[in-house]
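See below for query-v9.cif, which holds mmCIF, C-alpha atoms and all ligand atoms.
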```cif
data_structure
#
loop_
_atom_site.group_PDB
_atom_site.id
_atom_site.type_symbol
_atom_site.label_atom_id
_atom_site.label_comp_id
_atom_site.auth_asym_id
_atom_site.auth_seq_id
_atom_site.Cartn_x
_atom_site.Cartn_y
_atom_site.Cartn_z
ATOM 1 C CA MET A 1 -1.542 -7.622 14.198
ATOM 2 C CA GLN A 2 -0.637 -10.449 11.867
ATOM 3 C CA ILE A 3 -1.675 -11.007 8.263
ATOM 4 C CA GLU A 4 -1.846 -14.627 7.111
ATOM 5 C CA ILE A 5 -1.873 -15.474 3.436
ATOM 6 C CA ASN A 6 -2.695 -19.112 2.745
ATOM 7 C CA ASN A 7 -2.390 -20.567 -0.746
ATOM 8 C CA LEU A 8 -3.762 -17.365 -2.251
ATOM 9 C CA GLY A 9 -4.858 -17.417 -5.865
ATOM 10 C CA TYR A 10 -6.870 -15.027 -7.996
ATOM 11 C CA THR A 11 -8.364 -15.456 -11.443
ATOM 12 C CA TYR A 12 -9.865 -12.460 -13.226
ATOM 13 C CA MET A 13 -13.197 -13.068 -14.971
ATOM 14 C CA GLU A 14 -13.305 -16.615 -13.693
ATOM 15 C CA GLY A 15 -15.579 -18.914 -15.651
ATOM 16 C CA THR A 16 -15.516 -16.788 -18.811
ATOM 17 C CA PRO A 17 -13.509 -17.389 -21.985
ATOM 18 C CA MET A 18 -11.364 -14.409 -20.944
ATOM 19 C CA GLU A 19 -10.383 -15.781 -17.558
ATOM 20 C CA LYS A 20 -6.855 -15.009 -16.494
ATOM 21 C CA THR A 21 -5.089 -16.373 -13.432
ATOM 22 C CA ALA A 22 -3.008 -13.461 -12.135
ATOM 23 C CA ILE A 23 -1.600 -15.039 -8.945
ATOM 24 C CA ALA A 24 -1.489 -18.568 -7.539
ATOM 25 C CA HIS A 25 -0.272 -20.525 -4.514
ATOM 26 C CA ILE A 26 1.035 -17.569 -2.546
ATOM 27 C CA SER A 27 1.541 -18.281 1.153
ATOM 28 C CA MET A 28 3.243 -16.013 3.651
ATOM 29 C CA THR A 29 2.820 -14.355 7.019
ATOM 30 C CA ILE A 30 3.239 -10.629 7.531
ATOM 31 C CA ASN A 31 4.187 -9.733 11.086
ATOM 32 C CA GLU A 32 3.535 -6.517 12.940
ATOM 33 C CA GLY A 33 6.118 -3.804 12.300
ATOM 34 C CA GLU A 34 7.693 -5.361 9.221
ATOM 35 C CA PHE A 35 8.769 -3.280 6.233
ATOM 36 C CA ILE A 36 8.179 -5.506 3.235
ATOM 37 C CA CYS A 37 9.128 -4.562 -0.299
ATOM 38 C CA VAL A 38 7.303 -6.304 -3.132
ATOM 39 C CA ILE A 39 9.256 -6.548 -6.347
ATOM 40 C CA GLY A 40 8.522 -8.072 -9.734
ATOM 41 C CA HIS A 41 8.231 -7.315 -13.393
ATOM 42 C CA THR A 42 5.220 -5.444 -14.815
ATOM 43 C CA GLY A 43 2.322 -7.884 -15.131
ATOM 44 C CA SER A 44 3.794 -10.297 -12.571
ATOM 45 C CA GLY A 45 0.799 -9.917 -10.243
ATOM 46 C CA LYS A 46 2.026 -7.392 -7.641
ATOM 47 C CA SER A 47 -1.013 -5.180 -7.873
ATOM 48 C CA THR A 48 -3.418 -8.117 -7.754
ATOM 49 C CA PHE A 49 -1.550 -9.443 -4.718
ATOM 50 C CA ILE A 50 -1.568 -6.243 -2.664
ATOM 51 C CA GLN A 51 -5.250 -5.602 -3.314
ATOM 52 C CA HIS A 52 -5.958 -8.841 -1.455
ATOM 53 C CA ILE A 53 -4.276 -7.632 1.715
ATOM 54 C CA ASN A 54 -6.960 -5.029 2.440
ATOM 55 C CA GLY A 55 -9.834 -7.009 0.990
ATOM 56 C CA LEU A 56 -10.302 -4.906 -2.136
ATOM 57 C CA LEU A 57 -10.081 -8.182 -4.017
ATOM 58 C CA THR A 58 -11.121 -11.447 -2.410
ATOM 59 C CA PRO A 59 -9.359 -14.706 -3.267
ATOM 60 C CA THR A 60 -10.766 -17.086 -5.842
ATOM 61 C CA GLU A 61 -8.498 -19.629 -4.152
ATOM 62 C CA GLY A 62 -7.099 -19.799 -0.618
ATOM 63 C CA ASP A 63 -7.576 -17.244 2.150
ATOM 64 C CA VAL A 64 -6.276 -13.990 3.557
ATOM 65 C CA LEU A 65 -6.673 -13.446 7.297
ATOM 66 C CA VAL A 66 -6.170 -9.937 8.640
ATOM 67 C CA ASP A 67 -5.844 -10.034 12.421
ATOM 68 C CA GLY A 68 -7.810 -13.279 12.273
ATOM 69 C CA ILE A 69 -10.577 -11.891 10.043
ATOM 70 C CA ASN A 70 -11.082 -13.720 6.761
ATOM 71 C CA THR A 71 -11.373 -11.068 4.017
ATOM 72 C CA LYS A 72 -14.077 -13.200 2.397
ATOM 73 C CA GLU A 73 -16.459 -12.384 5.270
ATOM 74 C CA LYS A 74 -18.575 -9.651 3.698
ATOM 75 C CA LYS A 75 -19.694 -8.220 7.020
ATOM 76 C CA SER A 76 -16.088 -7.571 8.040
ATOM 77 C CA VAL A 77 -15.017 -5.571 4.974
ATOM 78 C CA LEU A 78 -14.909 -2.292 6.907
ATOM 79 C CA ASP A 79 -12.959 -3.839 9.780
ATOM 80 C CA VAL A 80 -10.329 -5.052 7.333
ATOM 81 C CA ARG A 81 -10.160 -1.662 5.582
ATOM 82 C CA LYS A 82 -9.698 0.038 8.952
ATOM 83 C CA LYS A 83 -6.761 -2.207 9.797
ATOM 84 C CA VAL A 84 -5.036 -2.139 6.415
ATOM 85 C CA GLY A 85 -4.829 1.001 4.277
ATOM 86 C CA LEU A 86 -3.992 0.933 0.582
ATOM 87 C CA VAL A 87 -2.327 3.813 -1.262
ATOM 88 C CA PHE A 88 -2.605 3.333 -5.014
ATOM 89 C CA GLN A 89 -0.005 4.380 -7.529
ATOM 90 C CA TYR A 90 -0.477 8.085 -8.398
ATOM 91 C CA PRO A 91 -3.049 8.417 -5.586
ATOM 92 C CA GLU A 92 -3.336 12.164 -6.166
ATOM 93 C CA TYR A 93 -5.448 11.452 -9.261
ATOM 94 C CA GLN A 94 -8.211 10.605 -6.809
ATOM 95 C CA LEU A 95 -8.159 13.920 -4.955
ATOM 96 C CA PHE A 96 -11.449 15.681 -5.537
ATOM 97 C CA GLU A 97 -12.627 17.719 -2.542
ATOM 98 C CA GLU A 98 -12.425 21.524 -2.365
ATOM 99 C CA THR A 99 -9.974 21.589 0.509
ATOM 100 C CA VAL A 100 -7.091 19.512 1.770
ATOM 101 C CA ALA A 101 -8.822 18.877 5.115
ATOM 102 C CA LYS A 102 -12.045 17.683 3.457
ATOM 103 C CA ASP A 103 -10.156 15.395 1.143
ATOM 104 C CA ILE A 104 -8.179 13.780 3.939
ATOM 105 C CA ALA A 105 -11.353 13.417 6.040
ATOM 106 C CA PHE A 106 -13.247 11.584 3.291
ATOM 107 C CA GLY A 107 -12.345 8.040 4.337
ATOM 108 C CA CYS A 108 -12.938 8.779 8.038
ATOM 109 C CA LYS A 109 -16.359 10.149 7.195
ATOM 110 C CA ASN A 110 -17.183 6.900 5.411
ATOM 111 C CA LEU A 111 -16.116 4.993 8.504
ATOM 112 C CA GLY A 112 -18.801 6.960 10.346
ATOM 113 C CA TYR A 113 -16.535 9.103 12.542
ATOM 114 C CA ASP A 114 -18.148 12.279 13.948
ATOM 115 C CA GLU A 115 -16.786 15.738 13.022
ATOM 116 C CA GLU A 116 -14.650 16.023 16.132
ATOM 117 C CA LYS A 117 -12.976 12.663 15.563
ATOM 118 C CA GLN A 118 -12.544 13.404 11.840
ATOM 119 C CA LYS A 119 -10.718 16.626 12.655
ATOM 120 C CA GLU A 120 -8.422 14.875 15.096
ATOM 121 C CA CYS A 121 -7.612 12.147 12.546
ATOM 122 C CA VAL A 122 -6.954 14.718 9.809
ATOM 123 C CA LYS A 123 -4.643 16.725 12.066
ATOM 124 C CA ASN A 124 -2.650 13.658 13.085
ATOM 125 C CA ALA A 125 -2.409 12.393 9.512
ATOM 126 C CA MET A 126 -1.207 15.775 8.240
ATOM 127 C CA GLU A 127 1.433 15.832 10.945
ATOM 128 C CA THR A 128 2.574 12.352 9.915
ATOM 129 C CA VAL A 129 2.985 13.338 6.264
ATOM 130 C CA GLY A 130 4.628 16.665 7.135
ATOM 131 C CA LEU A 131 1.902 19.126 6.128
ATOM 132 C CA ASP A 132 1.156 21.943 8.542
ATOM 133 C CA TYR A 133 -2.541 21.753 9.509
ATOM 134 C CA GLU A 134 -3.294 25.472 9.824
ATOM 135 C CA LYS A 135 -1.359 26.346 6.703
ATOM 136 C CA PHE A 136 -2.867 23.738 4.403
ATOM 137 C CA LYS A 137 -6.273 22.705 5.751
ATOM 138 C CA ASP A 138 -8.290 25.201 3.672
ATOM 139 C CA VAL A 139 -6.122 25.103 0.557
ATOM 140 C CA SER A 140 -7.435 23.446 -2.611
ATOM 141 C CA PRO A 141 -5.518 20.218 -3.239
ATOM 142 C CA PHE A 142 -5.262 21.273 -6.866
ATOM 143 C CA ASP A 143 -3.105 24.271 -5.948
ATOM 144 C CA LEU A 144 -0.400 22.088 -4.405
ATOM 145 C CA SER A 145 2.855 20.786 -5.862
ATOM 146 C CA GLY A 146 3.109 17.170 -7.010
ATOM 147 C CA GLY A 147 4.881 16.062 -3.842
ATOM 148 C CA GLN A 148 2.364 17.862 -1.626
ATOM 149 C CA LYS A 149 -0.584 16.340 -3.479
ATOM 150 C CA ARG A 150 0.871 12.923 -2.909
ATOM 151 C CA ARG A 151 1.223 13.674 0.812
ATOM 152 C CA VAL A 152 -2.439 14.681 0.970
ATOM 153 C CA ALA A 153 -3.468 11.466 -0.761
ATOM 154 C CA ILE A 154 -1.357 9.360 1.609
ATOM 155 C CA ALA A 155 -2.718 11.303 4.598
ATOM 156 C CA GLY A 156 -6.244 10.327 3.537
ATOM 157 C CA VAL A 157 -5.343 6.686 4.066
ATOM 158 C CA ILE A 158 -3.367 7.261 7.265
ATOM 159 C CA ALA A 159 -6.218 9.285 8.780
ATOM 160 C CA MET A 160 -8.274 6.105 9.032
ATOM 161 C CA GLY A 161 -5.687 4.820 11.508
ATOM 162 C CA PRO A 162 -4.577 1.611 9.811
ATOM 163 C CA GLU A 163 -2.103 -0.683 11.556
ATOM 164 C CA ALA A 164 -0.622 -1.664 8.200
ATOM 165 C CA VAL A 165 -0.184 0.515 5.111
ATOM 166 C CA ILE A 166 0.322 -0.779 1.577
ATOM 167 C CA LEU A 167 1.860 1.608 -0.943
ATOM 168 C CA ASP A 168 2.099 0.911 -4.660
ATOM 169 C CA GLU A 169 5.195 2.669 -6.076
ATOM 170 C CA PRO A 170 4.762 5.669 -3.742
ATOM 171 C CA THR A 171 7.559 7.714 -5.313
ATOM 172 C CA SER A 172 6.786 7.216 -8.994
ATOM 173 C CA GLY A 173 6.775 10.408 -11.009
ATOM 174 C CA LEU A 174 8.257 12.518 -8.195
ATOM 175 C CA ASP A 175 11.539 14.405 -8.327
ATOM 176 C CA GLN A 176 14.416 13.005 -6.295
ATOM 177 C CA GLN A 177 13.943 15.342 -3.336
ATOM 178 C CA SER A 178 10.191 14.718 -2.986
ATOM 179 C CA ALA A 179 10.805 10.986 -3.404
ATOM 180 C CA MET A 180 13.325 10.966 -0.556
ATOM 181 C CA GLU A 181 10.949 12.958 1.655
ATOM 182 C CA ILE A 182 8.092 10.542 1.003
ATOM 183 C CA LEU A 183 10.359 7.571 1.737
ATOM 184 C CA GLY A 184 11.613 9.213 4.924
ATOM 185 C CA MET A 185 8.028 9.677 6.018
ATOM 186 C CA ILE A 186 7.218 6.018 5.295
ATOM 187 C CA LYS A 187 10.311 4.951 7.231
ATOM 188 C CA ASP A 188 9.210 7.112 10.186
ATOM 189 C CA MET A 189 5.744 5.545 10.168
ATOM 190 C CA ASN A 190 7.394 2.141 10.254
ATOM 191 C CA GLY A 191 9.619 3.328 13.117
ATOM 192 C CA LYS A 192 6.451 4.176 15.056
ATOM 193 C CA GLY A 193 5.223 0.619 14.641
ATOM 194 C CA LYS A 194 3.149 0.608 11.454
ATOM 195 C CA THR A 195 3.599 -2.374 9.174
ATOM 196 C CA ILE A 196 4.613 -1.249 5.682
ATOM 197 C CA ILE A 197 4.119 -3.190 2.461
ATOM 198 C CA MET A 198 5.602 -1.273 -0.456
ATOM 199 C CA VAL A 199 5.714 -2.140 -4.132
ATOM 200 C CA THR A 200 8.843 -0.742 -5.751
ATOM 201 C CA HIS A 201 11.098 -1.372 -8.706
ATOM 202 C CA ASP A 202 13.961 0.502 -7.058
ATOM 203 C CA MET A 203 16.407 -2.019 -5.614
ATOM 204 C CA ASP A 204 18.218 0.726 -3.665
ATOM 205 C CA TYR A 205 15.036 1.325 -1.687
ATOM 206 C CA VAL A 206 14.755 -2.387 -0.993
ATOM 207 C CA TYR A 207 18.298 -2.493 0.378
ATOM 208 C CA LYS A 208 17.907 0.691 2.392
ATOM 209 C CA TYR A 209 14.463 0.282 3.886
ATOM 210 C CA ALA A 210 13.075 -3.240 3.717
ATOM 211 C CA SER A 211 13.297 -5.764 6.537
ATOM 212 C CA ARG A 212 12.032 -8.316 4.037
ATOM 213 C CA ALA A 213 11.749 -8.530 0.272
ATOM 214 C CA ILE A 214 9.417 -10.700 -1.728
ATOM 215 C CA VAL A 215 9.704 -11.331 -5.430
ATOM 216 C CA ILE A 216 6.656 -12.188 -7.503
ATOM 217 C CA SER A 217 7.133 -13.720 -10.921
ATOM 218 C CA GLY A 218 4.403 -15.041 -13.179
ATOM 219 C CA GLY A 219 1.937 -14.779 -10.296
ATOM 220 C CA ARG A 220 4.038 -16.980 -7.990
ATOM 221 C CA LEU A 221 6.023 -16.080 -4.910
ATOM 222 C CA LEU A 222 9.547 -16.690 -6.173
ATOM 223 C CA PHE A 223 11.635 -15.380 -3.262
ATOM 224 C CA ASN A 224 10.806 -14.339 0.283
ATOM 225 C CA GLY A 225 13.606 -13.287 2.645
ATOM 226 C CA THR A 226 15.859 -10.483 3.814
ATOM 227 C CA PRO A 227 17.025 -8.199 0.983
ATOM 228 C CA ARG A 228 20.472 -9.775 1.302
ATOM 229 C CA GLU A 229 19.078 -13.292 0.951
ATOM 230 C CA VAL A 230 16.873 -12.349 -1.974
ATOM 231 C CA PHE A 231 19.559 -10.445 -3.863
ATOM 232 C CA SER A 232 21.956 -13.356 -3.504
ATOM 233 C CA ASN A 233 19.874 -14.954 -6.301
ATOM 234 C CA ALA A 234 21.200 -12.410 -8.790
ATOM 235 C CA LYS A 235 21.166 -14.773 -11.738
ATOM 236 C CA GLU A 236 17.521 -15.791 -11.323
ATOM 237 C CA LEU A 237 16.493 -12.184 -10.707
ATOM 238 C CA MET A 238 18.208 -10.985 -13.861
ATOM 239 C CA GLY A 239 16.589 -13.927 -15.645
ATOM 240 C CA ILE A 240 13.145 -12.521 -14.868
ATOM 241 C CA GLY A 241 14.167 -9.060 -15.991
ATOM 242 C CA LEU A 242 14.959 -7.459 -12.633
ATOM 243 C CA ASP A 243 17.953 -5.204 -12.476
ATOM 244 C CA VAL A 244 20.033 -6.062 -9.431
HETATM 245 P P1 LIG B 1 1.664 -5.931 -11.785
HETATM 246 O O1 LIG B 1 1.043 -5.121 -10.700
HETATM 247 O O2 LIG B 1 2.836 -6.741 -11.304
HETATM 248 O O3 LIG B 1 1.998 -5.139 -13.012
HETATM 249 P P2 LIG B 1 -1.017 -7.057 -12.162
HETATM 250 O O4 LIG B 1 -1.455 -7.643 -10.878
HETATM 251 O O5 LIG B 1 -1.553 -5.717 -12.530
HETATM 252 O O6 LIG B 1 0.588 -7.058 -12.227
HETATM 253 O O7 LIG B 1 -1.394 -8.066 -13.346
HETATM 254 C C1 LIG B 1 -1.166 -9.468 -13.276
HETATM 255 C C2 LIG B 1 -1.828 -10.120 -14.473
HETATM 256 O O8 LIG B 1 -3.243 -10.006 -14.373
HETATM 257 C C3 LIG B 1 -1.433 -9.491 -15.801
HETATM 258 O O9 LIG B 1 -1.328 -10.516 -16.768
HETATM 259 C C4 LIG B 1 -2.600 -8.594 -16.129
HETATM 260 O O10 LIG B 1 -2.770 -8.460 -17.505
HETATM 261 C C5 LIG B 1 -3.770 -9.338 -15.499
HETATM 262 N N1 LIG B 1 -4.823 -8.404 -15.058
HETATM 263 C C6 LIG B 1 -4.671 -7.372 -14.195
HETATM 264 N N2 LIG B 1 -5.845 -6.739 -14.004
HETATM 265 C C7 LIG B 1 -6.761 -7.388 -14.752
HETATM 266 C C8 LIG B 1 -8.169 -7.211 -14.979
HETATM 267 N N3 LIG B 1 -8.852 -6.243 -14.378
HETATM 268 N N4 LIG B 1 -8.757 -8.076 -15.811
HETATM 269 C C9 LIG B 1 -8.074 -9.054 -16.439
HETATM 270 N N5 LIG B 1 -6.763 -9.287 -16.256
HETATM 271 C C10 LIG B 1 -6.110 -8.455 -15.441
#
```

Give the structure from this file in structure tokens form.
Amino acid sequence: MQIEINNLGYTYMEGTPMEKTAIAHISMTINEGEFICVIGHTGSGKSTFIQHINGLLTPTEGDVLVDGINTKEKKSVLDVRKKVGLVFQYPEYQLFEETVAKDIAFGCKNLGYDEEKQKECVKNAMETVGLDYEKFKDVSPFDLSGGQKRRVAIAGVIAMGPEAVILDEPTSGLDQQSAMEILGMIKDMNGKGKTIIMVTHDMDYVYKYASRAIVISGGRLLFNGTPREVFSNAKELMGIGLDV
């Protein structure tokens, strides 16, 4: 599956006195199986950008094509969401069901999967994130540790079977050990063929895990290449406040 981004731009509250162009003229292709890290200063437009890749936001300029489907086609919203999952920053804040299994099943239920299929998806997703199904399925998500909660939240997205997964700062707020476990899990998913798009401010992660790094600055795509290529622009990167 390929994701095509053509001259993407997005303006918040377009046509009002408060309008604000968050991103502009972004073009790139995301190929199957890539591990892309998105880096940039706070307010540079990273979050606005990634929300376009699963159709949560639709472009005010240009187009995003997910496996050939234009995210502007309203009737295809669910198809796009099925193909591309989005894990927000601190996703555990959105946990709300009584049990881990119910919480993870929530998205699958919305996709209209029957009970049997939901259970299968939940089991597989829990295996992927390293949570034992029998041990955790009936536990309240609120009784879990921070790292475990995050796994449950990520499992909820994975359960829907996306071919690409976007993660916004997936290790923020976690201790070093939990962070490394979460990253290992993301790396494994990538190893099994899932495309990963990860926002991070940690340049070590970019070096260690990314096949490609993109830098967003002032809403524009400033650099797009291998981590080595991108980091060779140390002066420019430091100029926009990134610590290389
Ligand atoms: P980042 O994720 O890199 O911190 P964002 O995509 O959140 O950047 O923000 C890019 C720009 O868009 C910022 O100037 C921000 O203030 C603005 N912005 C983000 N969300 C909204 C919104 N809901 N309404 C208006 N402006 C917004």

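If you apply the PyMOL selection byres (((chain A and resi 98) around 10) and not hetatm) to this structure, you end up with Leu95, Phe96, Glu97, Thr99, Val100, Ala101, Lys102, Asp103, Asp138, Val139, Ser140, Pro141 and Phe142 of chain A.
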
Which centre and which edge lengths, in Å to one decimal, describe the axis-aligned box that holds all listed atoms of ligand LIG 1 (chain B) after 3 Å is added on each side, as AutoDock Vina command-line options?
```
--center_x -3.0 --center_y -7.8 --center_z -14.1 --size_x 17.7 --size_y 11.4 --size_z 12.8
```

task: Any chance you could resolve the PyMOL selection byres (((chain A and resi 216) around 8) and not hetatm) against this file and give the residues as a list in words?
output: Val38, Ile39, Gly40, His41, Ser44, Gly45, Lys46, Ile214, Val215, Ser217, Gly218, Gly219, Arg220, Leu221, Leu222 and Phe223 of chain A

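The result of the PyMOL selection byres (((chain A and resi 118) around 9) and not hetatm) on the shown file is Ala105, Phe106, Cys108, Lys109, Tyr113, Asp114, Glu115, Glu116, Lys117, Lys119, Glu120, Cys121, Val122, Lys123, Ala159 and Met160 of chain A.
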
Output the selection as a PDB file, in the frame of the given file - C-alpha atoms for each residue.
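Wrote it out as again-v5.pdb, contents follow:
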```pdb
ATOM      1  CA  ALA A 105     -11.353  13.417   6.040  1.00  0.00           C
ATOM      2  CA  PHE A 106     -13.247  11.584   3.291  1.00  0.00           C
ATOM      3  CA  CYS A 108     -12.938   8.779   8.038  1.00  0.00           C
ATOM      4  CA  LYS A 109     -16.359  10.149   7.195  1.00  0.00           C
ATOM      5  CA  TYR A 113     -16.535   9.103  12.542  1.00  0.00           C
ATOM      6  CA  ASP A 114     -18.148  12.279  13.948  1.00  0.00           C
ATOM      7  CA  GLU A 115     -16.786  15.738  13.022  1.00  0.00           C
ATOM      8  CA  GLU A 116     -14.650  16.023  16.132  1.00  0.00           C
ATOM      9  CA  LYS A 117     -12.976  12.663  15.563  1.00  0.00           C
ATOM     10  CA  LYS A 119     -10.718  16.626  12.655  1.00  0.00           C
ATOM     11  CA  GLU A 120      -8.422  14.875  15.096  1.00  0.00           C
ATOM     12  CA  CYS A 121      -7.612  12.147  12.546  1.00  0.00           C
ATOM     13  CA  VAL A 122      -6.954  14.718   9.809  1.00  0.00           C
ATOM     14  CA  LYS A 123      -4.643  16.725  12.066  1.00  0.00           C
ATOM     15  CA  ALA A 159      -6.218   9.285   8.780  1.00  0.00           C
ATOM     16  CA  MET A 160      -8.274   6.105   9.032  1.00  0.00           C
TER      17      MET A 160
END
```

- request: Throw together the list of residues within 12 Å of ligand LIG 1 (chain B), counting all atoms listed in the file, and drop it here as a PyMOL selection string.
  value: chain A and resi 9-14+16-24+38-52+57+88-89+167-169+198-201+215-221

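Restricting the calculation to all atoms listed in the file, the smallest distance between A:Asp175 and any of A:Gln148, A:Asn224, A:Thr195, A:Thr71 is found for A:Gln148.
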
message: I want to know what sits within 9 Å of stretch 80-86 of chain A, based on all atoms listed in the file, with residues of the same chain fewer than 4 positions away left out; could you give that as number ranges by chain?
response: A: 1, 50-51, 53-56, 66-67, 69-71, 76, 111, 154, 157-158, 160-168

- request: Figure out the distance between atom CA of A:Gly107 and atom CA of A:Asp132, please, to one decimal in Å.
  value: 19.8 Å

query: Which residue gives the smallest distance to A:Ser172 among A:Gly146, A:Lys137, A:Asn233, A:Gly33, with all atoms listed in the file counted?
result: A:Gly146

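Across the structure, atom CA of A:Lys208 and atom CA of A:Gly156 are spaced 26.0 Å apart.
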
query: From the list A:Gln176, A:Asn110, A:Thr171, A:Gln94, which residue is nearest A:Leu78 when using all atoms listed in the file?
result: A:Asn110

query: Interatomic distance between atom CA of A:Gly173 and atom CA of A:Gly193?
result: 27.5 Å

Quick one: residues within 7 Å of A:Phe35, all atoms listed in the file, excluding same-chain residues fewer than 4 positions away - as a PDB file with C-alpha atoms, in the frame of the given file?
```pdb
ATOM      1  CA  ASN A 190       7.394   2.141  10.254  1.00  0.00           C
ATOM      2  CA  THR A 195       3.599  -2.374   9.174  1.00  0.00           C
ATOM      3  CA  ILE A 196       4.613  -1.249   5.682  1.00  0.00           C
ATOM      4  CA  ILE A 197       4.119  -3.190   2.461  1.00  0.00           C
ATOM      5  CA  ALA A 210      13.075  -3.240   3.717  1.00  0.00           C
ATOM      6  CA  SER A 211      13.297  -5.764   6.537  1.00  0.00           C
ATOM      7  CA  ARG A 212      12.032  -8.316   4.037  1.00  0.00           C
TER       8      ARG A 212
END
```

- request: Pick out the residues sitting within 10 Å of A:Gln177, and hand them over as a PyMOL selection string; count only C-alpha atoms, and ignore anything fewer than 5 positions along from it in its own chain.
  value: chain A and resi 147+182-183

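Checking A:Lys74, A:Lys235, A:Lys187, A:Lys192 one by one against A:Ile36, counting all atoms listed in the file, you find the shortest gap at A:Lys187.
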
- request: Find the spatial neighbours of A:Glu92, counting all atoms listed in the file, within a cut-off of 8 Å - ignore same-chain residues fewer than 3 positions away - and output them as an NGL selection string.
  value: :A and (95 or 149-150 or 152-153)
